[in-house]
Amino acid sequence: METLRLVLLFLHIVGFAALLGGLLVQARLPEKVVNAPMRDGIGTAFLAGLLLVGVLESGDDPVNHAKIAVKFAIGLVILVLVMANMRKERIPQGLWAGILLLTLANVAVALFWSPVHAS
């Protein structure tokens with residue numbers, strides 16, 4: 001089970017790296033678009049995150065449901081924004097910045113929220 005957890009965690013991180021890379025590659029461009037790395041990255045990160053929660057729930061260690069809920073909510077918003085704007089020729093600068101900020105917020109929650117809070 002530990003190997004599966006590590007594989008899913010790796011895929012989750014790679015997904016967010018692809019999403020962030022797809023966003024940052026456009027930082028200096030005047031027109032922003034939803035590109036394939038953004039689409040594939042959030043899809044991979046979201047699905048791997050869901051599966052990772054299932055693996056964590058099946059283990060004996062306590063699970064931080066509040067952290068999972070926050071990451072799920074942010075990830076779902078990113079997923080909806082990316083998928084809703086896939087076919088558009090370009091997206092507004094504000095939408096691009098919003099997706100970037102949500103992505104960074106999701107990474108911050110993952111890194112800085114302590115593993116287990118007392119309920």
# chains A, B, ... in the order shown; residues from 1 in each chain; ligands from 1
$ residues_around --residues "region 23-31 of chain A" --least-positions-apart "6" --cutoff "12 Å" --atoms "only C-alpha atoms" --output "tab-separated table (two decimals) with C-alpha atoms, in the first residue's frame"
chain	number	residue	atom	x	y	z
A	16	PHE	CA	0.64	20.18	-10.45
A	17	ALA	CA	4.10	20.75	-11.90
A	37	PRO	CA	0.02	20.96	-20.02
A	38	MET	CA	-2.54	22.90	-18.00
A	39	ARG	CA	-5.36	20.55	-19.03
A	41	GLY	CA	-1.74	18.62	-15.37
A	42	ILE	CA	-4.91	19.49	-13.49
A	78	ILE	CA	-9.10	24.97	-11.17
A	82	VAL	CA	-9.44	25.05	-17.21
A	88	LYS	CA	-11.36	29.49	-26.38
A	89	GLU	CA	-8.76	31.19	-28.55
A	90	ARG	CA	-7.51	33.14	-25.55
A	91	ILE	CA	-8.41	33.78	-21.95
A	92	PRO	CA	-8.39	37.08	-20.05
A	93	GLN	CA	-5.27	38.03	-18.12
A	94	GLY	CA	-7.31	38.00	-14.91
A	95	LEU	CA	-8.47	34.44	-15.45
A	96	TRP	CA	-4.91	33.31	-16.13
A	97	ALA	CA	-3.72	35.09	-12.96
A	98	GLY	CA	-6.59	33.58	-10.98
A	99	ILE	CA	-5.73	30.05	-12.08
A	100	LEU	CA	-2.08	30.72	-11.24
A	101	LEU	CA	-2.96	32.02	-7.77
A	102	LEU	CA	-5.29	29.08	-7.09
A	103	THR	CA	-2.56	26.68	-8.18
A	104	LEU	CA	-0.04	28.31	-5.86
$ closest_residue --among "A:His12, A:Val109, A:Asp40, A:Met1" --to "Lys67 (chain A)" --atoms "only C-alpha atoms"
A:Val109
$ residues_around --residues "Arg5 (chain A)" --least-positions-apart "4" --cutoff "12 Å" --atoms "only C-alpha atoms" --output "PyMOL selection string"
chain A and resi 1+9-12+48-59
$ write_last_selection --atoms "N, CA, C and O atoms" --output "mmCIF file, in the first residue's frame"
data_model
loop_
_atom_site.group_PDB
_atom_site.id
_atom_site.type_symbol
_atom_site.label_atom_id
_atom_site.label_comp_id
_atom_site.auth_asym_id
_atom_site.auth_seq_id
_atom_site.Cartn_x
_atom_site.Cartn_y
_atom_site.Cartn_z
ATOM 1 N N MET A 1 0.822 -1.189 0.000
ATOM 2 C CA MET A 1 0.000 0.000 0.000
ATOM 3 C C MET A 1 0.872 1.263 0.000
ATOM 4 O O MET A 1 0.499 2.264 -0.574
ATOM 5 N N LEU A 9 1.236 9.888 -5.033
ATOM 6 C CA LEU A 9 1.771 11.181 -4.610
ATOM 7 C C LEU A 9 2.682 11.758 -5.688
ATOM 8 O O LEU A 9 2.622 12.951 -6.004
ATOM 9 N N PHE A 10 3.508 10.915 -6.277
ATOM 10 C CA PHE A 10 4.385 11.344 -7.371
ATOM 11 C C PHE A 10 3.561 11.884 -8.539
ATOM 12 O O PHE A 10 3.843 12.967 -9.071
ATOM 13 N N LEU A 11 2.525 11.156 -8.944
ATOM 14 C CA LEU A 11 1.670 11.604 -10.056
ATOM 15 C C LEU A 11 0.955 12.910 -9.714
ATOM 16 O O LEU A 11 0.785 13.790 -10.572
ATOM 17 N N HIS A 12 0.531 13.041 -8.473
ATOM 18 C CA HIS A 12 -0.140 14.257 -8.013
ATOM 19 C C HIS A 12 0.806 15.461 -8.147
ATOM 20 O O HIS A 12 0.425 16.512 -8.672
ATOM 21 N N ALA A 48 -5.275 11.835 -9.365
ATOM 22 C CA ALA A 48 -4.304 11.216 -8.455
ATOM 23 C C ALA A 48 -4.606 11.613 -7.011
ATOM 24 O O ALA A 48 -4.466 10.794 -6.101
ATOM 25 N N GLY A 49 -5.031 12.848 -6.798
ATOM 26 C CA GLY A 49 -5.393 13.295 -5.452
ATOM 27 C C GLY A 49 -6.575 12.530 -4.900
ATOM 28 O O GLY A 49 -6.576 12.125 -3.727
ATOM 29 N N LEU A 50 -7.602 12.318 -5.726
ATOM 30 C CA LEU A 50 -8.764 11.534 -5.285
ATOM 31 C C LEU A 50 -8.361 10.115 -4.914
ATOM 32 O O LEU A 50 -8.768 9.589 -3.873
ATOM 33 N N LEU A 51 -7.554 9.495 -5.772
ATOM 34 C CA LEU A 51 -7.106 8.133 -5.496
ATOM 35 C C LEU A 51 -6.206 8.084 -4.261
ATOM 36 O O LEU A 51 -6.268 7.133 -3.473
ATOM 37 N N LEU A 52 -5.406 9.105 -4.090
ATOM 38 C CA LEU A 52 -4.514 9.180 -2.932
ATOM 39 C C LEU A 52 -5.321 9.247 -1.635
ATOM 40 O O LEU A 52 -4.962 8.606 -0.640
ATOM 41 N N VAL A 53 -6.405 9.985 -1.628
ATOM 42 C CA VAL A 53 -7.266 10.054 -0.447
ATOM 43 C C VAL A 53 -7.825 8.670 -0.126
ATOM 44 O O VAL A 53 -7.865 8.261 1.037
ATOM 45 N N GLY A 54 -8.231 7.939 -1.147
ATOM 46 C CA GLY A 54 -8.728 6.581 -0.925
ATOM 47 C C GLY A 54 -7.683 5.687 -0.288
ATOM 48 O O GLY A 54 -7.980 4.919 0.638
ATOM 49 N N VAL A 55 -6.458 5.789 -0.760
ATOM 50 C CA VAL A 55 -5.369 4.986 -0.189
ATOM 51 C C VAL A 55 -5.100 5.418 1.256
ATOM 52 O O VAL A 55 -4.915 4.574 2.140
ATOM 53 N N LEU A 56 -5.095 6.714 1.502
ATOM 54 C CA LEU A 56 -4.856 7.206 2.860
ATOM 55 C C LEU A 56 -5.960 6.766 3.813
ATOM 56 O O LEU A 56 -5.693 6.406 4.961
ATOM 57 N N GLU A 57 -7.197 6.799 3.354
ATOM 58 C CA GLU A 57 -8.328 6.385 4.189
ATOM 59 C C GLU A 57 -8.262 4.904 4.545
ATOM 60 O O GLU A 57 -8.748 4.496 5.597
ATOM 61 N N SER A 58 -7.690 4.105 3.673
ATOM 62 C CA SER A 58 -7.623 2.667 3.935
ATOM 63 C C SER A 58 -6.500 2.308 4.910
ATOM 64 O O SER A 58 -6.444 1.190 5.401
ATOM 65 N N GLY A 59 -5.627 3.263 5.212
ATOM 66 C CA GLY A 59 -4.516 3.017 6.128
ATOM 67 C C GLY A 59 -4.918 3.248 7.572
ATOM 68 O O GLY A 59 -6.063 3.575 7.900
#
$ select_by_dssp --residues "region 12-59 of chain A" --states "helix (DSSP H, G or I)" --output "count of residues only"
36
$ residues_around --residues "Trp113 (chain A)" --least-positions-apart "5" --cutoff "12 Å" --atoms "only C-alpha atoms" --output "PDB file with N, CA, C and O atoms, in the first residue's frame"
ATOM      1  N   ASN A  64      -6.202  14.102   7.628  1.00  0.00           N
ATOM      2  CA  ASN A  64      -6.633  15.479   7.863  1.00  0.00           C
ATOM      3  C   ASN A  64      -7.718  15.834   6.844  1.00  0.00           C
ATOM      4  O   ASN A  64      -7.432  16.273   5.732  1.00  0.00           O
ATOM      5  N   HIS A  65      -8.976  15.648   7.242  1.00  0.00           N
ATOM      6  CA  HIS A  65     -10.096  15.858   6.321  1.00  0.00           C
ATOM      7  C   HIS A  65     -10.276  17.323   5.941  1.00  0.00           C
ATOM      8  O   HIS A  65     -10.713  17.620   4.831  1.00  0.00           O
ATOM      9  N   ALA A  66      -9.940  18.235   6.838  1.00  0.00           N
ATOM     10  CA  ALA A  66     -10.071  19.658   6.520  1.00  0.00           C
ATOM     11  C   ALA A  66      -9.102  20.039   5.402  1.00  0.00           C
ATOM     12  O   ALA A  66      -9.481  20.736   4.453  1.00  0.00           O
ATOM     13  N   LYS A  67      -7.868  19.584   5.502  1.00  0.00           N
ATOM     14  CA  LYS A  67      -6.871  19.869   4.464  1.00  0.00           C
ATOM     15  C   LYS A  67      -7.310  19.266   3.134  1.00  0.00           C
ATOM     16  O   LYS A  67      -7.216  19.920   2.084  1.00  0.00           O
ATOM     17  N   ILE A  68      -7.801  18.039   3.168  1.00  0.00           N
ATOM     18  CA  ILE A  68      -8.260  17.377   1.948  1.00  0.00           C
ATOM     19  C   ILE A  68      -9.425  18.144   1.335  1.00  0.00           C
ATOM     20  O   ILE A  68      -9.485  18.329   0.114  1.00  0.00           O
ATOM     21  N   VAL A  70     -10.127  21.367   1.592  1.00  0.00           N
ATOM     22  CA  VAL A  70      -9.654  22.626   1.007  1.00  0.00           C
ATOM     23  C   VAL A  70      -8.949  22.348  -0.322  1.00  0.00           C
ATOM     24  O   VAL A  70      -9.200  23.020  -1.331  1.00  0.00           O
ATOM     25  N   LYS A  71      -8.061  21.354  -0.340  1.00  0.00           N
ATOM     26  CA  LYS A  71      -7.350  21.023  -1.578  1.00  0.00           C
ATOM     27  C   LYS A  71      -8.318  20.544  -2.654  1.00  0.00           C
ATOM     28  O   LYS A  71      -8.167  20.876  -3.828  1.00  0.00           O
ATOM     29  N   ALA A 105      -1.913  28.530  -4.315  1.00  0.00           N
ATOM     30  CA  ALA A 105      -2.602  28.342  -3.035  1.00  0.00           C
ATOM     31  C   ALA A 105      -2.738  26.856  -2.706  1.00  0.00           C
ATOM     32  O   ALA A 105      -2.549  26.440  -1.556  1.00  0.00           O
ATOM     33  N   ASN A 106      -3.053  26.048  -3.713  1.00  0.00           N
ATOM     34  CA  ASN A 106      -3.195  24.615  -3.488  1.00  0.00           C
ATOM     35  C   ASN A 106      -1.862  23.996  -3.078  1.00  0.00           C
ATOM     36  O   ASN A 106      -1.805  23.156  -2.183  1.00  0.00           O
ATOM     37  N   VAL A 107      -0.793  24.428  -3.709  1.00  0.00           N
ATOM     38  CA  VAL A 107       0.541  23.947  -3.328  1.00  0.00           C
ATOM     39  C   VAL A 107       0.872  24.409  -1.908  1.00  0.00           C
ATOM     40  O   VAL A 107       1.414  23.629  -1.109  1.00  0.00           O
ATOM     41  N   ALA A 108       0.540  25.640  -1.572  1.00  0.00           N
ATOM     42  CA  ALA A 108       0.808  26.163  -0.232  1.00  0.00           C
ATOM     43  C   ALA A 108       0.046  25.372   0.832  1.00  0.00           C
ATOM     44  O   ALA A 108       0.601  25.059   1.891  1.00  0.00           O
TER      45      ALA A 108
END
$ closest_residue --among "A:Pro62, A:Val14, A:Gly22, A:Val77" --to "Thr44 (chain A)" --atoms "only C-alpha atoms"
A:Val14
$ atom_distance --atom1 "CA of Asp61 (chain A)" --atom2 "CA of Leu76 (chain A)"
25.4 Å
$ atom_distance --atom1 "CA of Asp60 (chain A)" --atom2 "CA of Leu6 (chain A)"
15.9 Å
$ atom_distance --atom1 "CA of Met86 (chain A)" --atom2 "CA of Gly43 (chain A)"
12.6 Å
$ decode --residues "region 11-84 of chain A" --atoms "C-alpha atoms" --output "compact mmCIF listing (two decimals), in the first residue's frame"
# COMPACT_ATOMS: atom_id res chain seq x y z
CA LEU A 11 1.67 11.60 -10.06
CA HIS A 12 -0.14 14.26 -8.01
CA ILE A 13 3.02 16.37 -7.79
CA VAL A 14 3.88 15.86 -11.47
CA GLY A 15 0.33 16.94 -12.38
CA PHE A 16 0.64 20.18 -10.45
CA ALA A 17 4.10 20.75 -11.90
CA ALA A 18 2.65 20.41 -15.42
CA LEU A 19 -0.20 22.79 -14.58
CA LEU A 20 2.18 25.34 -13.10
CA GLY A 21 4.61 24.95 -16.01
CA GLY A 22 1.77 25.43 -18.52
CA LEU A 23 0.84 28.64 -16.73
CA LEU A 24 4.34 30.02 -16.26
CA VAL A 25 5.42 29.41 -19.86
CA GLN A 26 2.88 32.08 -20.82
CA ALA A 27 3.92 34.68 -18.23
CA ARG A 28 5.51 37.05 -20.76
CA LEU A 29 3.05 36.42 -23.58
CA PRO A 30 0.45 39.12 -24.20
CA GLU A 31 -2.30 36.58 -24.94
CA LYS A 32 -2.95 33.69 -22.61
CA VAL A 33 -4.57 30.36 -23.50
CA VAL A 34 -5.45 27.12 -21.75
CA ASN A 35 -2.77 24.81 -23.11
CA ALA A 36 -2.34 21.03 -23.03
CA PRO A 37 0.02 20.96 -20.02
CA MET A 38 -2.54 22.90 -18.00
CA ARG A 39 -5.36 20.55 -19.03
CA ASP A 40 -3.39 17.36 -18.54
CA GLY A 41 -1.74 18.62 -15.37
CA ILE A 42 -4.91 19.49 -13.49
CA GLY A 43 -6.60 16.32 -14.70
CA THR A 44 -3.70 14.19 -13.48
CA ALA A 45 -3.33 16.05 -10.19
CA PHE A 46 -7.06 15.93 -9.44
CA LEU A 47 -7.51 12.24 -10.23
CA ALA A 48 -4.30 11.22 -8.46
CA GLY A 49 -5.39 13.29 -5.45
CA LEU A 50 -8.76 11.53 -5.29
CA LEU A 51 -7.11 8.13 -5.50
CA LEU A 52 -4.51 9.18 -2.93
CA VAL A 53 -7.27 10.05 -0.45
CA GLY A 54 -8.73 6.58 -0.92
CA VAL A 55 -5.37 4.99 -0.19
CA LEU A 56 -4.86 7.21 2.86
CA GLU A 57 -8.33 6.38 4.19
CA SER A 58 -7.62 2.67 3.94
CA GLY A 59 -4.52 3.02 6.13
CA ASP A 60 -4.19 3.21 9.89
CA ASP A 61 -2.81 6.75 10.09
CA PRO A 62 -5.16 9.67 10.84
CA VAL A 63 -6.29 11.68 7.82
CA ASN A 64 -6.63 15.48 7.86
CA HIS A 65 -10.10 15.86 6.32
CA ALA A 66 -10.07 19.66 6.52
CA LYS A 67 -6.87 19.87 4.46
CA ILE A 68 -8.26 17.38 1.95
CA ALA A 69 -11.51 19.36 1.67
CA VAL A 70 -9.65 22.63 1.01
CA LYS A 71 -7.35 21.02 -1.58
CA PHE A 72 -10.33 19.29 -3.22
CA ALA A 73 -12.30 22.54 -3.45
CA ILE A 74 -9.40 24.52 -4.91
CA GLY A 75 -8.53 21.70 -7.32
CA LEU A 76 -12.14 21.40 -8.47
CA VAL A 77 -12.34 25.14 -9.16
CA ILE A 78 -9.10 24.97 -11.17
CA LEU A 79 -10.36 21.92 -13.08
CA VAL A 80 -13.66 23.63 -13.95
CA LEU A 81 -11.95 26.87 -15.02
CA VAL A 82 -9.44 25.05 -17.21
CA MET A 83 -11.99 22.73 -18.83
CA ALA A 84 -14.53 25.52 -19.39
